[in-house]
$ cat model_0.pdb   # PDB, C-alpha atoms, pLDDT in the B column
ATOM      1  CA  MET S   1      53.460 -39.422   7.640  1.00 49.00           C
ATOM      2  CA  ARG S   2      50.070 -37.860   8.273  1.00 59.00           C
ATOM      3  CA  GLN S   3      46.930 -39.912   7.912  1.00 68.00           C
ATOM      4  CA  GLU S   4      44.367 -38.283   5.633  1.00 76.00           C
ATOM      5  CA  VAL S   5      40.992 -37.531   7.207  1.00 86.00           C
ATOM      6  CA  TYR S   6      37.985 -36.732   5.068  1.00 90.00           C
ATOM      7  CA  VAL S   7      34.794 -34.835   5.721  1.00 89.00           C
ATOM      8  CA  SER S   8      31.586 -35.136   3.713  1.00 89.00           C
ATOM      9  CA  ARG S   9      29.961 -32.246   1.898  1.00 87.00           C
ATOM     10  CA  GLN S  10      26.965 -32.390   4.249  1.00 86.00           C
ATOM     11  CA  GLU S  11      29.242 -32.262   7.289  1.00 87.00           C
ATOM     12  CA  MET S  12      31.053 -29.195   5.893  1.00 86.00           C
ATOM     13  CA  ILE S  13      27.737 -27.392   5.579  1.00 83.00           C
ATOM     14  CA  ARG S  14      26.552 -28.509   9.019  1.00 83.00           C
ATOM     15  CA  THR S  15      29.788 -28.201  11.030  1.00 82.00           C
ATOM     16  CA  TYR S  16      31.798 -25.524   9.274  1.00 82.00           C
ATOM     17  CA  GLY S  17      28.882 -23.400   8.098  1.00 84.00           C
ATOM     18  CA  PHE S  18      29.732 -23.631   4.410  1.00 85.00           C
ATOM     19  CA  SER S  19      27.138 -22.695   1.838  1.00 84.00           C
ATOM     20  CA  ALA S  20      26.657 -24.654  -1.373  1.00 82.00           C
ATOM     21  CA  ASN S  21      28.551 -21.879  -3.211  1.00 85.00           C
ATOM     22  CA  LEU S  22      31.524 -22.117  -0.860  1.00 87.00           C
ATOM     23  CA  VAL S  23      31.634 -25.879  -1.322  1.00 88.00           C
ATOM     24  CA  SER S  24      31.733 -25.398  -5.094  1.00 88.00           C
ATOM     25  CA  GLU S  25      34.521 -22.816  -4.684  1.00 89.00           C
ATOM     26  CA  LEU S  26      36.494 -25.360  -2.683  1.00 89.00           C
ATOM     27  CA  GLY S  27      36.659 -27.431  -5.832  1.00 89.00           C
ATOM     28  CA  GLN S  28      36.208 -31.051  -6.749  1.00 92.00           C
ATOM     29  CA  PRO S  29      35.857 -33.608  -3.960  1.00 92.00           C
ATOM     30  CA  ASP S  30      38.853 -35.757  -3.149  1.00 91.00           C
ATOM     31  CA  PHE S  31      36.765 -38.868  -3.621  1.00 88.00           C
ATOM     32  CA  VAL S  32      33.180 -39.945  -4.148  1.00 90.00           C
ATOM     33  CA  ARG S  33      31.479 -42.931  -2.588  1.00 89.00           C
ATOM     34  CA  ALA S  34      28.205 -44.492  -3.694  1.00 88.00           C
ATOM     35  CA  ASN S  35      25.445 -44.085  -1.144  1.00 81.00           C
ATOM     36  CA  ALA S  36      22.336 -46.271  -1.344  1.00 78.00           C
ATOM     37  CA  GLN S  37      20.018 -43.573   0.041  1.00 77.00           C
ATOM     38  CA  TRP S  38      21.324 -40.436  -1.652  1.00 73.00           C
ATOM     39  CA  GLY S  39      23.161 -41.627  -4.736  1.00 84.00           C
ATOM     40  CA  TYR S  40      26.661 -40.366  -3.915  1.00 89.00           C
ATOM     41  CA  THR S  41      28.493 -38.833  -0.969  1.00 88.00           C
ATOM     42  CA  TYR S  42      31.281 -36.373  -1.718  1.00 90.00           C
ATOM     43  CA  TYR S  43      34.321 -36.319   0.573  1.00 92.00           C
ATOM     44  CA  TYR S  44      36.952 -33.607   0.979  1.00 92.00           C
ATOM     45  CA  ASP S  45      40.346 -33.701   2.681  1.00 90.00           C
ATOM     46  CA  LEU S  46      39.881 -32.199   6.153  1.00 90.00           C
ATOM     47  CA  ALA S  47      43.165 -30.236   6.028  1.00 89.00           C
ATOM     48  CA  ARG S  48      42.104 -28.594   2.750  1.00 90.00           C
ATOM     49  CA  VAL S  49      38.664 -27.795   4.203  1.00 90.00           C
ATOM     50  CA  GLU S  50      40.134 -26.202   7.336  1.00 90.00           C
ATOM     51  CA  ARG S  51      42.597 -24.072   5.320  1.00 91.00           C
ATOM     52  CA  PHE S  52      39.759 -22.916   3.081  1.00 90.00           C
ATOM     53  CA  ALA S  53      37.567 -22.176   6.139  1.00 88.00           C
ATOM     54  CA  GLU S  54      40.326 -20.028   7.678  1.00 90.00           C
ATOM     55  CA  GLU S  55      40.813 -18.118   4.435  1.00 91.00           C
ATOM     56  CA  HIS S  56      37.068 -17.434   4.128  1.00 88.00           C
ATOM     57  CA  ALA S  57      36.188 -16.975   7.810  1.00 88.00           C
ATOM     58  CA  ALA S  58      34.425 -13.627   7.241  1.00 88.00           C
ATOM     59  CA  ARG S  59      32.196 -15.062   4.502  1.00 87.00           C
ATOM     60  CA  ILE S  60      31.346 -18.094   6.635  1.00 84.00           C
ATOM     61  CA  GLN S  61      30.432 -15.818   9.540  1.00 86.00           C
ATOM     62  CA  ARG S  62      28.143 -13.810   7.267  1.00 84.00           C
ATOM     63  CA  ILE S  63      26.528 -17.026   6.016  1.00 81.00           C
ATOM     64  CA  LEU S  64      25.941 -18.198   9.579  1.00 81.00           C
ATOM     65  CA  THR S  65      24.480 -14.818  10.511  1.00 82.00           C
ATOM     66  CA  LEU S  66      22.058 -14.799   7.560  1.00 78.00           C
ATOM     67  CA  ARG S  67      21.130 -18.496   7.697  1.00 78.00           C
ATOM     68  CA  PRO S  68      18.365 -18.214  10.353  1.00 77.00           C
ATOM     69  CA  ARG S  69      16.752 -15.324   8.476  1.00 78.00           C
ATOM     70  CA  ARG S  70      16.882 -17.275   5.214  1.00 74.00           C
ATOM     71  CA  GLN S  71      15.457 -20.337   6.928  1.00 75.00           C
ATOM     72  CA  ASP S  72      12.580 -18.269   8.332  1.00 80.00           C
ATOM     73  CA  SER S  73      11.982 -16.780   4.913  1.00 81.00           C
ATOM     74  CA  ALA S  74      11.965 -20.232   3.320  1.00 81.00           C
ATOM     75  CA  ARG S  75       9.625 -21.560   6.024  1.00 85.00           C
ATOM     76  CA  HIS S  76       7.184 -18.689   5.423  1.00 88.00           C
ATOM     77  CA  ARG S  77       7.362 -19.223   1.662  1.00 88.00           C
ATOM     78  CA  VAL S  78       6.571 -22.933   2.091  1.00 89.00           C
ATOM     79  CA  GLN S  79       3.647 -22.139   4.405  1.00 92.00           C
ATOM     80  CA  ARG S  80       2.318 -19.546   1.955  1.00 92.00           C
ATOM     81  CA  GLN S  81       2.582 -21.922  -1.014  1.00 92.00           C
ATOM     82  CA  ARG S  82       0.934 -24.711   0.979  1.00 91.00           C
ATOM     83  CA  GLN S  83      -1.926 -22.400   1.950  1.00 93.00           C
ATOM     84  CA  GLU S  84      -2.324 -21.271  -1.678  1.00 93.00           C
ATOM     85  CA  THR S  85      -2.610 -24.917  -2.761  1.00 92.00           C
ATOM     86  CA  ILE S  86      -5.251 -25.586  -0.123  1.00 92.00           C
ATOM     87  CA  GLU S  87      -7.228 -22.488  -1.129  1.00 94.00           C
ATOM     88  CA  TRP S  88      -6.919 -23.495  -4.788  1.00 93.00           C
ATOM     89  CA  SER S  89      -8.234 -26.995  -4.032  1.00 93.00           C
ATOM     90  CA  GLN S  90     -11.222 -25.473  -2.244  1.00 94.00           C
ATOM     91  CA  SER S  91     -12.145 -23.216  -5.166  1.00 94.00           C
ATOM     92  CA  VAL S  92     -11.101 -24.994  -8.378  1.00 94.00           C
ATOM     93  CA  PRO S  93     -14.192 -26.022 -10.356  1.00 94.00           C
ATOM     94  CA  LEU S  94     -14.814 -29.765 -10.608  1.00 93.00           C
ATOM     95  CA  GLN S  95     -16.684 -30.963 -13.664  1.00 92.00           C
ATOM     96  CA  ILE S  96     -19.121 -33.871 -13.486  1.00 91.00           C
ATOM     97  CA  GLU S  97     -20.496 -35.801 -16.416  1.00 89.00           C
ATOM     98  CA  PRO S  98     -23.991 -37.280 -16.321  1.00 88.00           C
ATOM     99  CA  ILE S  99     -23.947 -40.479 -14.289  1.00 89.00           C
ATOM    100  CA  PRO S 100     -25.253 -43.301 -16.463  1.00 89.00           C
ATOM    101  CA  PRO S 101     -27.769 -45.770 -14.996  1.00 85.00           C
ATOM    102  CA  SER S 102     -25.254 -48.546 -15.627  1.00 91.00           C
ATOM    103  CA  ALA S 103     -22.669 -46.960 -13.306  1.00 90.00           C
ATOM    104  CA  PHE S 104     -23.680 -49.081 -10.306  1.00 89.00           C
ATOM    105  CA  SER S 105     -23.396 -52.378 -12.165  1.00 91.00           C
ATOM    106  CA  ALA S 106     -20.107 -51.259 -13.771  1.00 93.00           C
ATOM    107  CA  ALA S 107     -18.755 -50.372 -10.314  1.00 92.00           C
ATOM    108  CA  ARG S 108     -19.856 -53.804  -8.986  1.00 91.00           C
ATOM    109  CA  ARG S 109     -18.020 -55.524 -11.841  1.00 93.00           C
ATOM    110  CA  TYR S 110     -14.976 -53.308 -11.344  1.00 92.00           C
ATOM    111  CA  PHE S 111     -14.609 -54.260  -7.674  1.00 91.00           C
ATOM    112  CA  ALA S 112     -15.789 -57.887  -8.000  1.00 91.00           C
ATOM    113  CA  PRO S 113     -15.492 -60.168  -6.118  1.00 92.00           C
ATOM    114  CA  GLU S 114     -15.374 -57.554  -3.329  1.00 91.00           C
ATOM    115  CA  ALA S 115     -18.688 -56.077  -2.228  1.00 89.00           C
ATOM    116  CA  LEU S 116     -19.621 -52.626  -3.499  1.00 88.00           C
ATOM    117  CA  THR S 117     -19.529 -50.140  -0.630  1.00 89.00           C
ATOM    118  CA  ARG S 118     -20.348 -46.468  -0.650  1.00 88.00           C
ATOM    119  CA  ASP S 119     -16.630 -45.584  -0.605  1.00 91.00           C
ATOM    120  CA  ARG S 120     -15.886 -47.889  -3.531  1.00 91.00           C
ATOM    121  CA  LEU S 121     -18.852 -46.535  -5.485  1.00 91.00           C
ATOM    122  CA  PHE S 122     -17.679 -42.963  -4.981  1.00 92.00           C
ATOM    123  CA  LEU S 123     -14.125 -43.933  -5.931  1.00 93.00           C
ATOM    124  CA  TYR S 124     -15.397 -45.477  -9.172  1.00 93.00           C
ATOM    125  CA  LEU S 125     -17.617 -42.471  -9.941  1.00 93.00           C
ATOM    126  CA  ARG S 126     -14.843 -39.976  -9.114  1.00 93.00           C
ATOM    127  CA  LEU S 127     -12.550 -41.695 -11.580  1.00 92.00           C
ATOM    128  CA  THR S 128     -15.078 -42.221 -14.364  1.00 93.00           C
ATOM    129  CA  CYS S 129     -17.608 -39.375 -14.142  1.00 92.00           C
ATOM    130  CA  THR S 130     -15.578 -36.369 -13.002  1.00 93.00           C
ATOM    131  CA  ASP S 131     -12.381 -34.558 -13.900  1.00 93.00           C
ATOM    132  CA  TYR S 132     -11.060 -35.406 -10.418  1.00 92.00           C
ATOM    133  CA  ARG S 133      -7.982 -37.241 -11.726  1.00 91.00           C
ATOM    134  CA  GLN S 134      -6.925 -34.385 -14.023  1.00 92.00           C
ATOM    135  CA  THR S 135      -7.495 -31.814 -11.280  1.00 91.00           C
ATOM    136  CA  LEU S 136      -5.518 -33.949  -8.874  1.00 89.00           C
ATOM    137  CA  GLN S 137      -2.599 -33.990 -11.291  1.00 90.00           C
ATOM    138  CA  LEU S 138      -2.553 -30.190 -11.248  1.00 89.00           C
ATOM    139  CA  ALA S 139      -2.064 -30.278  -7.488  1.00 87.00           C
ATOM    140  CA  SER S 140       0.330 -33.219  -7.339  1.00 85.00           C
ATOM    141  CA  ARG S 141       3.591 -31.259  -7.635  1.00 82.00           C
ATOM    142  CA  ARG S 142       2.569 -28.409  -5.355  1.00 85.00           C
ATOM    143  CA  LEU S 143       3.282 -27.964  -1.678  1.00 86.00           C
ATOM    144  CA  GLY S 144       0.253 -29.145   0.281  1.00 88.00           C
ATOM    145  CA  ALA S 145      -0.662 -31.800  -2.294  1.00 89.00           C
ATOM    146  CA  ALA S 146      -1.818 -34.292   0.359  1.00 90.00           C
ATOM    147  CA  GLU S 147      -4.268 -31.819   1.873  1.00 92.00           C
ATOM    148  CA  ALA S 148      -5.398 -30.755  -1.595  1.00 92.00           C
ATOM    149  CA  ARG S 149      -6.051 -34.405  -2.504  1.00 92.00           C
ATOM    150  CA  ARG S 150      -8.200 -34.868   0.609  1.00 93.00           C
ATOM    151  CA  ILE S 151     -10.143 -31.667  -0.071  1.00 94.00           C
ATOM    152  CA  LEU S 152     -10.668 -32.493  -3.744  1.00 94.00           C
ATOM    153  CA  ARG S 153     -11.836 -36.019  -2.857  1.00 94.00           C
ATOM    154  CA  GLU S 154     -14.363 -34.661  -0.346  1.00 95.00           C
ATOM    155  CA  ARG S 155     -15.604 -32.027  -2.800  1.00 94.00           C
ATOM    156  CA  ALA S 156     -15.979 -34.595  -5.595  1.00 94.00           C
ATOM    157  CA  ASN S 157     -17.840 -36.942  -3.248  1.00 93.00           C
ATOM    158  CA  GLN S 158     -20.221 -34.159  -2.199  1.00 93.00           C
ATOM    159  CA  LEU S 159     -20.821 -33.223  -5.823  1.00 92.00           C
ATOM    160  CA  LEU S 160     -21.514 -36.849  -6.757  1.00 92.00           C
ATOM    161  CA  GLU S 161     -23.793 -37.369  -3.769  1.00 91.00           C
ATOM    162  CA  ALA S 162     -25.818 -34.269  -4.614  1.00 90.00           C
ATOM    163  CA  THR S 163     -26.096 -35.364  -8.239  1.00 89.00           C
ATOM    164  CA  LEU S 164     -27.226 -38.856  -7.269  1.00 88.00           C
ATOM    165  CA  ARG S 165     -29.812 -37.453  -4.845  1.00 86.00           C
ATOM    166  CA  GLU S 166     -31.175 -35.193  -7.589  1.00 86.00           C
ATOM    167  CA  GLN S 167     -31.520 -38.269  -9.783  1.00 83.00           C
ATOM    168  CA  GLY S 168     -33.342 -40.063  -6.943  1.00 80.00           C
ATOM    169  CA  VAL S 169     -30.726 -42.807  -6.657  1.00 76.00           C
ATOM    170  CA  TYR S 170     -30.503 -44.862  -3.463  1.00 68.00           C
ATOM    171  CA  LEU S 171     -26.948 -44.801  -2.072  1.00 67.00           C
ATOM    172  CA  PRO S 172     -25.500 -47.749  -0.157  1.00 59.00           C
ATOM    173  CA  ASP S 173     -24.184 -47.018   3.325  1.00 61.00           C
ATOM    174  CA  SER S 174     -20.543 -47.495   4.261  1.00 53.00           C
ATOM    175  CA  ARG S 175     -20.999 -51.198   5.057  1.00 47.00           C
ATOM    176  CA  ALA S 176     -20.772 -53.853   2.359  1.00 44.00           C
ATOM    177  CA  GLN S 177     -23.952 -54.665   0.428  1.00 42.00           C
TER     178      GLN S 177
END

$ encode --input "model_0.pdb" --output "structure tokens"
Amino acid sequence: MRQEVYVSRQEMIRTYGFSANLVSELGQPDFVRANAQWGYTYYYDLARVERFAEEHAARIQRILTLRPRRQDSARHRVQRQRQETIEWSQSVPLQIEPIPPSAFSAARRYFAPEALTRDRLFLYLRLTCTDYRQTLQLASRRLGAAEARRILRERANQLLEATLREQGVYLPDSRAQ
């Protein structure tokens, strides 16, 4: 009697060169096992997989031939979308509301008992006096969101600093007051 050997869906794609469409054509998995990291892992009988691979050898070869080109295309698309997000974050208008005189004392209360630093003050002002949070949400699901967040934070800080200087407000340095 032959012992059944199983191969996972991921291994079929990696080892045999299957595409997601070929895996679906193969049919339902022979069994499913819960996987803490991915949810579920689907397993197929190795003999069935090898028969299917032999029957579809020409299609698998075509998939393997096109795969590097598709991967390059996908890589370029990701780079383009990431660059578009970065350019968007550099040009999207940020709105600032007038900074009330009570903003410093409100920021001190907000961070109490910690000392109010320049970084904490700008964090408080970004969240309360600008549309930074809403703009950040627009970038959150895009490729390059981390870079966009950094750029938007720097732009908002520069805008706030310029506004405070125009108002003649003394800014604390980066050390605690």

$ closest_residue --input "model_0.pdb" --among "S:Arg9, S:Arg118, S:Arg109, S:Arg80" --to "Gly144 (chain S)" --atoms "all atoms listed in the file"
S:Arg80

$ resolve_selection --input "model_0.pdb" --expression "the PyMOL selection byres ((chain S and resi 97) around 10)" --output "list of chain:residue names"
S:Gln95, S:Ile96, S:Pro98, S:Ile99, S:Pro100, S:Leu125, S:Thr128, S:Cys129, S:Thr130, S:Asp131, S:Leu160, S:Thr163

$ residues_near_point --input "model_0.pdb" --point "(20.8, -21.6, 5.5)" --cutoff "12 Å" --atoms "only C-alpha atoms" --output "list in words"
Ile13, Arg14, Gly17, Phe18, Ser19, Ala20, Asn21, Ile60, Gln61, Arg62, Ile63, Leu64, Thr65, Leu66, Arg67, Pro68, Arg69, Arg70, Gln71, Asp72, Ser73, Ala74 and Arg75 of chain S

$ atom_distance --input "model_0.pdb" --atom1 "CA of Arg141 (chain S)" --atom2 "CA of Gln10 (chain S)"
26.2 Å

$ closest_residue --input "model_0.pdb" --among "S:Thr15, S:Val169, S:Val78, S:Tyr44" --to "Ser102 (chain S)" --atoms "all atoms listed in the file"
S:Val169

$ residues_around --input "model_0.pdb" --residues "Leu138 (chain S)" --least-positions-apart "2" --cutoff "12 Å" --atoms "all atoms listed in the file" --output "PyMOL selection string"
chain S and resi 85+88-89+92+131-136+140-145+148-149+152

$ closest_residue --input "model_0.pdb" --among "S:Phe104, S:Tyr110, S:Tyr42, S:Phe122" --to "Ser24 (chain S)" --atoms "all atoms listed in the file"
S:Tyr42

$ resolve_selection --input "model_0.pdb" --expression "the PyMOL selection byres ((chain S and resi 121) around 9)" --output "list in words"
Ala103, Phe104, Ala107, Arg108, Leu116, Thr117, Arg118, Asp119, Arg120, Phe122, Leu123, Tyr124, Leu125, Arg126, Leu171 and Pro172 of chain S

$ resolve_selection --input "model_0.pdb" --expression "the PyMOL selection byres ((chain S and resi 29) around 10)" --output "list in words"
Tyr6, Val7, Ser8, Arg9, Val23, Ser24, Leu26, Gly27, Gln28, Asp30, Phe31, Val32, Thr41, Tyr42, Tyr43, Tyr44 and Asp45 of chain S

$ atom_distance --input "model_0.pdb" --atom1 "CA of Arg77 (chain S)" --atom2 "CA of Gln37 (chain S)"
27.5 Å

$ build_atoms --input "model_0.pdb" --residues "region 64-97 of chain S" --atoms "N, CA and C atoms" --output "mmCIF file, keeping the file's coordinate frame"
data_model
loop_
_atom_site.group_PDB
_atom_site.id
_atom_site.type_symbol
_atom_site.label_atom_id
_atom_site.label_comp_id
_atom_site.auth_asym_id
_atom_site.auth_seq_id
_atom_site.Cartn_x
_atom_site.Cartn_y
_atom_site.Cartn_z
ATOM 1 N N LEU S 64 26.556 -17.726 8.328
ATOM 2 C CA LEU S 64 25.941 -18.198 9.579
ATOM 3 C C LEU S 64 25.005 -17.158 10.176
ATOM 4 N N THR S 65 25.339 -15.882 10.003
ATOM 5 C CA THR S 65 24.480 -14.818 10.511
ATOM 6 C C THR S 65 23.176 -14.745 9.730
ATOM 7 N N LEU S 66 23.252 -14.912 8.409
ATOM 8 C CA LEU S 66 22.058 -14.799 7.560
ATOM 9 C C LEU S 66 21.228 -16.079 7.503
ATOM 10 N N ARG S 67 21.811 -17.207 7.850
ATOM 11 C CA ARG S 67 21.130 -18.496 7.697
ATOM 12 C C ARG S 67 19.783 -18.560 8.431
ATOM 13 N N PRO S 68 19.683 -18.139 9.697
ATOM 14 C CA PRO S 68 18.365 -18.214 10.353
ATOM 15 C C PRO S 68 17.303 -17.368 9.658
ATOM 16 N N ARG S 69 17.707 -16.179 9.173
ATOM 17 C CA ARG S 69 16.752 -15.324 8.476
ATOM 18 C C ARG S 69 16.310 -15.977 7.171
ATOM 19 N N ARG S 70 17.234 -16.581 6.449
ATOM 20 C CA ARG S 70 16.882 -17.275 5.214
ATOM 21 C C ARG S 70 15.989 -18.474 5.498
ATOM 22 N N GLN S 71 16.282 -19.190 6.576
ATOM 23 C CA GLN S 71 15.457 -20.337 6.928
ATOM 24 C C GLN S 71 14.045 -19.896 7.284
ATOM 25 N N ASP S 72 13.912 -18.793 8.020
ATOM 26 C CA ASP S 72 12.580 -18.269 8.332
ATOM 27 C C ASP S 72 11.854 -17.852 7.062
ATOM 28 N N SER S 73 12.580 -17.197 6.176
ATOM 29 C CA SER S 73 11.982 -16.780 4.913
ATOM 30 C C SER S 73 11.520 -17.989 4.106
ATOM 31 N N ALA S 74 12.339 -19.021 4.054
ATOM 32 C CA ALA S 74 11.965 -20.232 3.320
ATOM 33 C C ALA S 74 10.762 -20.912 3.975
ATOM 34 N N ARG S 75 10.743 -20.949 5.297
ATOM 35 C CA ARG S 75 9.625 -21.560 6.024
ATOM 36 C C ARG S 75 8.322 -20.808 5.735
ATOM 37 N N HIS S 76 8.375 -19.490 5.724
ATOM 38 C CA HIS S 76 7.184 -18.689 5.423
ATOM 39 C C HIS S 76 6.734 -18.888 3.981
ATOM 40 N N ARG S 77 7.694 -18.990 3.072
ATOM 41 C CA ARG S 77 7.362 -19.223 1.662
ATOM 42 C C ARG S 77 6.673 -20.584 1.490
ATOM 43 N N VAL S 78 7.182 -21.599 2.164
ATOM 44 C CA VAL S 78 6.571 -22.933 2.091
ATOM 45 C C VAL S 78 5.153 -22.895 2.664
ATOM 46 N N GLN S 79 4.977 -22.240 3.805
ATOM 47 C CA GLN S 79 3.647 -22.139 4.405
ATOM 48 C C GLN S 79 2.683 -21.389 3.491
ATOM 49 N N ARG S 80 3.160 -20.315 2.861
ATOM 50 C CA ARG S 80 2.318 -19.546 1.955
ATOM 51 C C ARG S 80 1.916 -20.393 0.742
ATOM 52 N N GLN S 81 2.881 -21.094 0.155
ATOM 53 C CA GLN S 81 2.582 -21.922 -1.014
ATOM 54 C C GLN S 81 1.643 -23.071 -0.657
ATOM 55 N N ARG S 82 1.822 -23.639 0.513
ATOM 56 C CA ARG S 82 0.934 -24.711 0.979
ATOM 57 C C ARG S 82 -0.484 -24.174 1.144
ATOM 58 N N GLN S 83 -0.610 -23.008 1.753
ATOM 59 C CA GLN S 83 -1.926 -22.400 1.950
ATOM 60 C C GLN S 83 -2.575 -22.053 0.611
ATOM 61 N N GLU S 84 -1.786 -21.577 -0.345
ATOM 62 C CA GLU S 84 -2.324 -21.271 -1.678
ATOM 63 C C GLU S 84 -2.857 -22.535 -2.352
ATOM 64 N N THR S 85 -2.157 -23.646 -2.184
ATOM 65 C CA THR S 85 -2.610 -24.917 -2.761
ATOM 66 C C THR S 85 -3.918 -25.356 -2.119
ATOM 67 N N ILE S 86 -4.021 -25.201 -0.822
ATOM 68 C CA ILE S 86 -5.251 -25.586 -0.123
ATOM 69 C C ILE S 86 -6.408 -24.702 -0.584
ATOM 70 N N GLU S 87 -6.176 -23.395 -0.657
ATOM 71 C CA GLU S 87 -7.228 -22.488 -1.129
ATOM 72 C C GLU S 87 -7.621 -22.808 -2.569
ATOM 73 N N TRP S 88 -6.639 -23.126 -3.405
ATOM 74 C CA TRP S 88 -6.919 -23.495 -4.788
ATOM 75 C C TRP S 88 -7.794 -24.745 -4.836
ATOM 76 N N SER S 89 -7.458 -25.748 -4.013
ATOM 77 C CA SER S 89 -8.234 -26.995 -4.032
ATOM 78 C C SER S 89 -9.658 -26.785 -3.536
ATOM 79 N N GLN S 90 -9.877 -25.766 -2.735
ATOM 80 C CA GLN S 90 -11.222 -25.473 -2.244
ATOM 81 C C GLN S 90 -12.054 -24.714 -3.268
ATOM 82 N N SER S 91 -11.401 -24.065 -4.237
ATOM 83 C CA SER S 91 -12.145 -23.216 -5.166
ATOM 84 C C SER S 91 -12.104 -23.675 -6.624
ATOM 85 N N VAL S 92 -11.204 -24.573 -6.980
ATOM 86 C CA VAL S 92 -11.101 -24.994 -8.378
ATOM 87 C C VAL S 92 -12.396 -25.700 -8.783
ATOM 88 N N PRO S 93 -12.944 -25.376 -9.947
ATOM 89 C CA PRO S 93 -14.192 -26.022 -10.356
ATOM 90 C C PRO S 93 -13.957 -27.485 -10.734
ATOM 91 N N LEU S 94 -14.831 -28.353 -10.237
ATOM 92 C CA LEU S 94 -14.814 -29.765 -10.608
ATOM 93 C C LEU S 94 -15.966 -30.013 -11.574
ATOM 94 N N GLN S 95 -15.661 -30.678 -12.660
ATOM 95 C CA GLN S 95 -16.684 -30.963 -13.664
ATOM 96 C C GLN S 95 -17.209 -32.384 -13.452
ATOM 97 N N ILE S 96 -18.523 -32.546 -13.603
ATOM 98 C CA ILE S 96 -19.121 -33.871 -13.486
ATOM 99 C C ILE S 96 -19.921 -34.159 -14.747
ATOM 100 N N GLU S 97 -19.729 -35.352 -15.260
ATOM 101 C CA GLU S 97 -20.496 -35.801 -16.416
ATOM 102 C C GLU S 97 -21.776 -36.453 -15.907
#
